[in-house]
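**Student:** Could you have a look at this structure, given as structure tokens, before my questions?
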Amino acid sequence: MSTVACGSFVWSDSASVSFRSVQRVRVLETRIEPGDATPVHTHRWPNVQYVLSGTDFVRYDGDGGVDLDTRAGAGPPRPATTLWSGPLPPHSLENVGEAELRVIMVELKDRAAGNRR
């Protein structure tokens with residue numbers, strides 16, 4: 001699997017991210033193809049995620065331990081679902097489903113982790 005650089009992120013060919021960053025927000029669109037994974041990375045700011053296409057995935061912590069496996073819980077996120085997250089420590093994501101995982105994330109740069117206003 002080869003890797004490509006996009007902005008300050010490095011992803012495999014089929015796990016890609018594009019983004020725009022302005023003073024107060026950063027908007028990312030992430031696409032992860034079936035069987036592909038992201039490298040370990042963090043999210044420094046709280047964020048809102050909008051799911052364009054969902055599938056099963058595994059989120060690993062920075063040491064490779066399983067943090068979340070959608071197959072063992074409520075299942076994959078559905079399209080048009082909106083999710084809230086605080087900042088995330090080092091982690092990676094692996095698409096273990098049969099469809100592309102595609103999410104738009106809006107990071108709120110000027111918000112503290114617990115402040116949702």
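Lettering and numbering for the structure tokens are positional, with chains as A, B, ... in the shown order, residues counted from 1 in each chain, and ligands counted from 1 in the shown order.
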Just want the 10 Å neighbourhood of Asp67 in chain A, counted on only C-alpha atoms, with same-chain residues fewer than 4 positions away dropped. Output as a list in words.

**Tutor:**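 The contact residues come out as Val58, Arg59, Tyr60, Asp61, Gly62, His91, Ser92 and Leu93 of chain A.
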
**Student:** Which polymer residues have any atom within 6 Å of an atom of range 46-53 of chain A, counting only C-alpha atoms, with same-chain residues fewer than 5 positions away left out, as a list in words?

**Tutor:**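 Contacts, in chain order: Pro79, Ala80, Thr81, Thr82, Leu83, Trp84, Ser85, Gly86, Pro87, Leu101, Arg102, Val103, Ile104, Met105, Val106, Glu107, Leu108 and Ala113 of chain A.
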
**Student:** Using only N, CA and C atoms, please write the residues we just selected to a file, as a CSV table (one decimal), in the first residue's frame.

**Tutor:**
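File written: out22.csv
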```csv
chain,number,residue,atom,x,y,z
A,79,PRO,N,-25.8,7.1,7.0
A,79,PRO,CA,-25.7,8.3,6.2
A,79,PRO,C,-26.6,9.4,6.8
A,80,ALA,N,-26.2,10.6,6.8
A,80,ALA,CA,-27.0,11.8,7.3
A,80,ALA,C,-27.0,11.8,8.8
A,81,THR,N,-26.1,11.0,9.5
A,81,THR,CA,-26.0,11.1,10.9
A,81,THR,C,-25.0,12.2,11.3
A,82,THR,N,-25.3,13.0,12.3
A,82,THR,CA,-24.4,14.0,12.8
A,82,THR,C,-24.0,13.6,14.2
A,83,LEU,N,-22.7,13.6,14.4
A,83,LEU,CA,-22.0,13.2,15.7
A,83,LEU,C,-21.2,14.3,16.3
A,84,TRP,N,-21.1,14.4,17.6
A,84,TRP,CA,-20.3,15.3,18.3
A,84,TRP,C,-19.1,14.6,18.9
A,85,SER,N,-17.9,15.2,18.9
A,85,SER,CA,-16.8,14.6,19.6
A,85,SER,C,-15.9,15.6,20.2
A,86,GLY,N,-15.4,15.4,21.4
A,86,GLY,CA,-14.4,16.2,21.9
A,86,GLY,C,-13.0,15.9,21.2
A,87,PRO,N,-12.0,16.6,21.6
A,87,PRO,CA,-10.7,16.3,21.0
A,87,PRO,C,-10.4,14.8,21.2
A,101,LEU,N,-16.1,4.6,3.7
A,101,LEU,CA,-16.5,5.4,4.8
A,101,LEU,C,-16.1,6.8,4.4
A,102,ARG,N,-17.1,7.7,4.5
A,102,ARG,CA,-16.9,9.1,4.0
A,102,ARG,C,-17.6,10.0,5.0
A,103,VAL,N,-16.8,10.9,5.6
A,103,VAL,CA,-17.3,11.8,6.7
A,103,VAL,C,-16.7,13.2,6.5
A,104,ILE,N,-17.6,14.2,6.7
A,104,ILE,CA,-17.1,15.5,6.8
A,104,ILE,C,-17.0,15.9,8.2
A,105,MET,N,-15.9,16.5,8.7
A,105,MET,CA,-15.7,16.9,10.0
A,105,MET,C,-15.4,18.4,10.1
A,106,VAL,N,-16.1,19.1,11.0
A,106,VAL,CA,-15.8,20.5,11.2
A,106,VAL,C,-15.3,20.6,12.6
A,107,GLU,N,-14.0,21.0,12.7
A,107,GLU,CA,-13.3,21.1,14.0
A,107,GLU,C,-13.4,22.6,14.4
A,108,LEU,N,-13.8,22.8,15.7
A,108,LEU,CA,-14.0,24.1,16.2
A,108,LEU,C,-12.8,24.6,17.0
A,113,ALA,N,-12.8,21.8,25.1
A,113,ALA,CA,-13.3,20.4,24.9
A,113,ALA,C,-14.7,20.3,25.4
```

**Student:** What's the separation between CA of Asp110 in chain A and CA of Thr30 in chain A, in Å to one decimal place?

**Tutor:** 21.8 Å

**Student:** Find, counting only C-alpha atoms, the residue in A:Asp36, A:Glu29, A:Asp56, A:Glu98 that gets nearest to Ala72 in chain A.

**Tutor:**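 Among A:Asp36, A:Glu29, A:Asp56, A:Glu98, it is A:Asp56 that comes nearest to Ala72 in chain A.
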